[in-house]
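Coordinates from coords.txt are shown below (compact mmCIF, C-alpha atoms).
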```txt
# COMPACT_ATOMS: atom_id res chain seq x y z
CA MET A 1308 0.00 0.00 0.00
CA GLY A 1309 2.92 2.38 0.56
CA ARG A 1310 3.53 5.20 2.95
CA ARG A 1311 0.73 7.48 4.03
CA TYR A 1312 0.86 11.18 4.86
CA TYR A 1313 -1.28 12.39 7.75
CA CYS A 1314 -2.23 16.07 7.98
CA ASP A 1315 -2.85 17.17 11.59
CA TYR A 1316 -4.71 20.29 10.48
CA CYS A 1317 -7.24 18.48 8.27
CA ASP A 1318 -7.33 15.21 10.27
CA ARG A 1319 -7.00 13.10 7.14
CA SER A 1320 -4.42 10.89 5.51
CA PHE A 1321 -3.60 9.98 1.93
CA GLN A 1322 -0.96 8.18 -0.08
CA ASP A 1323 2.33 10.03 0.28
CA ASN A 1324 3.82 11.10 -3.00
CA MET A 1325 4.90 14.47 -4.32
CA HIS A 1326 1.78 15.07 -6.42
CA ASN A 1327 -0.74 14.20 -3.68
CA ARG A 1328 1.09 16.14 -0.98
CA LYS A 1329 1.45 19.25 -3.16
CA LYS A 1330 -2.20 19.05 -4.20
CA HIS A 1331 -3.27 18.77 -0.56
CA LEU A 1332 -0.99 21.50 0.84
CA PHE A 1333 -2.13 24.03 -1.76
CA GLY A 1334 -5.80 23.06 -1.47
CA VAL A 1335 -8.51 25.34 -0.13
CA GLN A 1336 -9.62 22.87 2.55
CA HIS A 1337 -6.08 22.62 3.97
CA HIS A 1338 -5.70 26.42 4.07
CA ARG A 1339 -9.04 26.78 5.87
CA SER A 1340 -8.15 24.08 8.41
CA LYS A 1341 -4.72 25.60 9.00
CA LYS A 1342 -6.20 29.08 9.50
CA ALA A 1343 -8.79 27.69 11.92
CA TRP A 1344 -6.04 25.95 13.92
CA PHE A 1345 -3.93 29.08 14.27
CA ASP A 1346 -6.99 31.19 15.08
CA HIS A 1347 -7.23 29.19 18.34
CA PHE A 1348 -4.09 30.99 19.49
CA ARG A 1349 -4.94 34.54 18.42
CA ASP A 1350 -4.90 37.30 20.99
CA THR A 1351 -8.35 38.22 22.27
CA ALA A 1352 -7.76 41.91 21.57
CA ALA A 1353 -6.89 41.15 17.93
CA ILE A 1354 -10.07 39.07 17.53
CA LEU A 1355 -12.19 41.89 18.97
CA GLN A 1356 -10.52 44.48 16.77
CA ASP A 1357 -11.11 42.38 13.64
CA GLU A 1358 -14.75 41.74 14.52
CA GLN A 1359 -15.44 45.40 15.26
CA ALA A 1360 -14.01 46.39 11.85
CA LYS A 1361 -16.43 44.04 10.03
CA LYS A 1362 -20.05 44.78 9.21
CA PRO A 1363 -22.66 42.36 10.61
CA CYS A 1364 -23.61 39.45 8.33
CA ARG A 1365 -27.26 39.90 7.32
CA LYS A 1366 -27.70 36.27 6.34
CA PHE A 1367 -26.37 35.10 9.71
CA LEU A 1368 -28.55 37.57 11.64
CA GLN A 1369 -31.72 36.54 9.74
CA THR A 1370 -31.29 32.76 9.66
CA GLY A 1371 -28.58 32.02 12.23
CA ASN A 1372 -26.59 30.30 9.50
CA CYS A 1373 -24.17 31.49 6.82
CA GLY A 1374 -22.92 29.44 3.90
CA PHE A 1375 -19.45 30.97 4.14
CA GLY A 1376 -18.97 29.93 7.77
CA PRO A 1377 -15.79 31.18 9.46
CA SER A 1378 -14.39 32.45 6.13
CA CYS A 1379 -17.22 35.00 5.78
CA ARG A 1380 -15.98 38.54 5.42
CA PHE A 1381 -18.80 39.82 7.64
CA SER A 1382 -19.07 39.46 11.42
CA HIS A 1383 -21.08 36.63 12.96
CA MET A 1384 -20.70 37.94 16.53
CA SER A 1385 -23.61 39.33 18.50
CA GLU A 1386 -23.30 42.35 20.80
CA GLU A 1387 -23.33 40.04 23.85
CA GLU A 1388 -20.40 38.04 22.47
CA MET A 1389 -18.46 41.23 21.75
CA GLU A 1390 -19.13 42.44 25.29
CA GLN A 1391 -17.86 39.10 26.65
CA LEU A 1392 -14.66 39.58 24.62
CA ARG A 1393 -14.23 43.08 26.06
CA MET A 1394 -14.64 41.72 29.60
CA GLN A 1395 -12.15 38.93 28.88
CA ILE A 1396 -9.61 41.49 27.61
CA GLU A 1397 -10.07 43.55 30.77
CA ASP A 1398 -9.57 40.44 32.93
CA GLU A 1399 -6.37 39.55 31.05
CA ARG A 1400 -5.10 43.12 31.37
CA SER A 1401 -5.79 43.23 35.11
CA ARG A 1402 -4.05 39.87 35.60
CA ARG A 1403 -0.99 41.11 33.70
CA GLU A 1404 -0.83 44.23 35.86
CA ASP A 1405 -1.30 42.29 39.11
CA PRO A 1406 2.10 41.97 40.87
CA GLN A 1407 1.36 38.43 42.12
CA TYR A 1408 0.56 37.22 38.62
CA ARG A 1409 3.56 38.96 37.02
CA GLY A 1410 5.98 37.45 39.50
CA SER A 1411 4.86 33.90 38.79
CA ALA A 1412 4.57 33.91 35.00
CA ALA A 1413 6.28 36.81 33.27
CA GLY A 1414 9.49 36.89 35.29
CA GLY A 1415 9.90 33.12 35.26
CA ALA A 1416 12.42 32.88 32.44
CA GLU A 1417 14.54 35.80 33.63
CA GLU A 1418 14.56 34.49 37.20
CA TRP A 1419 15.49 31.00 36.05
CA LEU A 1420 18.37 32.31 33.90
CA ALA A 1421 19.68 34.47 36.75
CA LYS A 1422 19.61 31.52 39.17
CA ARG A 1423 21.31 29.34 36.56
CA GLN A 1424 24.13 31.86 36.14
CA LYS A 1425 24.64 31.90 39.93
CA ARG A 1426 24.64 28.09 40.08
CA LYS A 1427 27.33 27.53 37.46
CA PRO A 1428 30.25 28.83 39.55
CA ALA A 1429 28.92 27.04 42.64
CA GLN A 1430 28.60 23.72 40.81
CA SER A 1431 32.10 23.91 39.40
CA SER A 1432 33.54 24.46 42.92
CA GLY A 1433 31.36 21.66 44.37
CA GLY A 1434 30.39 21.38 48.05
CA ALA A 1435 27.21 21.38 50.12
CA ALA A 1436 25.92 24.61 48.60
CA ALA A 1437 25.86 23.01 45.15
CA GLU A 1438 23.86 20.04 46.48
CA GLU A 1439 21.28 22.35 48.07
CA GLU A 1440 20.96 24.31 44.85
CA GLU A 1441 20.48 21.08 42.86
CA GLU A 1442 17.63 20.10 45.19
CA GLU A 1443 16.06 23.55 44.75
CA GLU A 1444 16.45 23.22 40.98
CA GLU A 1445 14.67 19.85 40.97
CA GLU A 1446 11.77 21.31 42.97
CA GLU A 1447 11.53 24.25 40.55
CA GLU A 1448 11.55 21.91 37.54
CA GLU A 1449 8.68 19.92 39.05
CA GLN A 1450 6.70 23.13 39.62
CA THR A 1451 7.32 24.49 36.11
CA ALA A 1452 6.53 21.11 34.55
CA SER A 1453 3.14 21.09 36.28
CA ASP A 1454 2.51 24.67 35.08
CA VAL A 1455 3.30 23.71 31.51
CA VAL A 1456 1.08 20.64 31.67
CA GLN A 1457 -1.87 22.70 32.91
CA HIS A 1458 -1.32 25.23 30.13
CA LEU A 1459 -1.17 22.51 27.46
CA LEU A 1460 -4.32 20.87 28.78
CA SER A 1461 -6.23 24.13 28.26
CA ILE A 1462 -5.54 24.08 24.50
CA PRO A 1463 -8.37 22.35 22.59
CA ASP A 1464 -7.63 19.69 19.95
CA LEU A 1465 -3.90 19.45 20.68
CA PRO A 1466 -2.08 17.16 18.21
CA PRO A 1467 -0.94 13.85 19.71
CA SER A 1468 2.73 14.77 19.32
CA LEU A 1469 2.25 17.81 21.59
CA ARG A 1470 0.05 16.26 24.26
CA PRO A 1471 1.70 16.10 27.69
CA PRO A 1472 2.50 12.71 29.23
CA PRO A 1473 0.12 11.23 31.79
CA PRO A 1474 0.77 12.19 35.46
CA GLY A 1475 2.77 9.04 36.24
CA GLY A 1476 4.71 9.16 32.98
CA TRP A 1477 4.50 6.75 30.08
CA ARG A 1478 4.23 3.10 31.05
CA VAL A 1479 7.03 1.06 29.50
CA ASP A 1480 6.71 -2.71 29.36
CA LEU A 1481 10.30 -3.95 29.10
CA ASP A 1482 9.29 -7.49 28.16
CA THR A 1483 7.56 -6.41 24.96
CA GLU A 1484 9.81 -3.42 24.30
CA TRP A 1485 13.14 -5.25 24.18
CA GLY A 1486 11.67 -8.69 23.54
```

Output the structure of this file as structure tokens.
Amino acid sequence: MGRRYYCDYCDRSFQDNMHNRKKHLFGVQHHRSKKAWFDHFRDTAAILQDEQAKKPCRKFLQTGNCGFGPSCRFSHMSEEEMEQLRMQIEDERSRREDPQYRGSAAGGAEEWLAKRQKRKPAQSSGGAAAEEEEEEEEEEEEQTASDVVQHLLSIPDLPPSLRPPPPGGWRVDLDTEWG
């Protein structure tokens, strides 16, 4: 049967050859699916700005359905939905400005790099201080790993290759693995 190509965006597979892959990747359905996937990650403020710039879709307002779907050039959002977006933007803005929230998320990378720079000289000299810092580092890694897992779980329709491992890790059966 040959090799098959699986497209995560479109959730379909087909025989993998140059012609089929090129035809699929340049197809309208693939472009729509890819756009829909990346729209999941758009900033809320950008979505609101785009929707406010569009005129309301008459067909959608009259029947509740539009043949163009998400690719329609008119807005399908009601005033209530736009107000919910505004409230969500305000919530995000207030969380970003909150000192407790900023200390835990935004400064994480800078703090980690600063601690790492301090650890390098201590680890090269060895001693009890290096052991204590290694223990602290392991605790921090466990905390950040749990933060990342929670963030990944909030993303809908995550491809299998990006899904986090189960809480206990992947189960490996050595008898069948190394036979």

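Between CA of Ala1353 (chain A) and CA of Tyr1316 (chain A) the separation is 22.3 Å.
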
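The nearest approach to Glu1397 (chain A) among the residues A:Gln1336, A:Ser1320, A:Gln1424, A:Thr1351, with only C-alpha atoms taken into account, belongs to A:Thr1351.
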
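Summary of the local environment: counting all atoms listed in the file, residues at most 10 Å from Asp1315 (chain A), other than itself and those fewer than 5 positions away along its chain, are A:Ser1320, A:His1337, A:Ser1340, A:Lys1341, A:Trp1344, A:Asp1464, A:Leu1465, A:Pro1466, A:Pro1467, A:Ser1468.
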
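The list of residues with at least one atom within 8 Å of region 1355-1364 of chain A, based on all atoms listed in the file and without residues fewer than 3 positions apart in the same chain, reads A:Thr1351, A:Ala1352, A:Phe1367, A:Leu1368, A:Arg1380, A:Phe1381, A:Ser1382, A:His1383, A:Met1384, A:Met1389, A:Leu1392, A:Arg1393.
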
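When CA of Lys1366 (chain A) is paired with CA of Gln1391 (chain A), their separation reads 22.7 Å.
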
Self-check item: A:Phe1321, A:Tyr1312, A:Ile1396, A:Pro1473 ranked by distance to Ile1354 (chain A), top pick (using all atoms listed in the file)
Solution: A:Ile1396

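Using only C-alpha atoms for every distance, the candidate list A:Cys1314, A:Arg1365, A:Gly1475, A:Arg1400 yields A:Cys1314 as the residue closest to His1338 (chain A).
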
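With all atoms listed in the file as the atoms that count, the residue of A:Val1335, A:Leu1469, A:Val1479, A:Leu1420 with the shortest distance to Ser1378 (chain A) is A:Val1335.
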
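Put simply, CA of Pro1463 (chain A) is 18.1 Å away from CA of Arg1319 (chain A).
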
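Closest approach to Asp1346 (chain A) among A:Lys1330, A:Arg1403, A:Pro1377, A:Lys1422: A:Pro1377, based on all atoms listed in the file.
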
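Proximity to Gly1376 (chain A) was assessed for A:Ala1343, A:Lys1427, A:Asp1318, A:Ala1421 counting only C-alpha atoms; the smallest distance is recorded for A:Ala1343.
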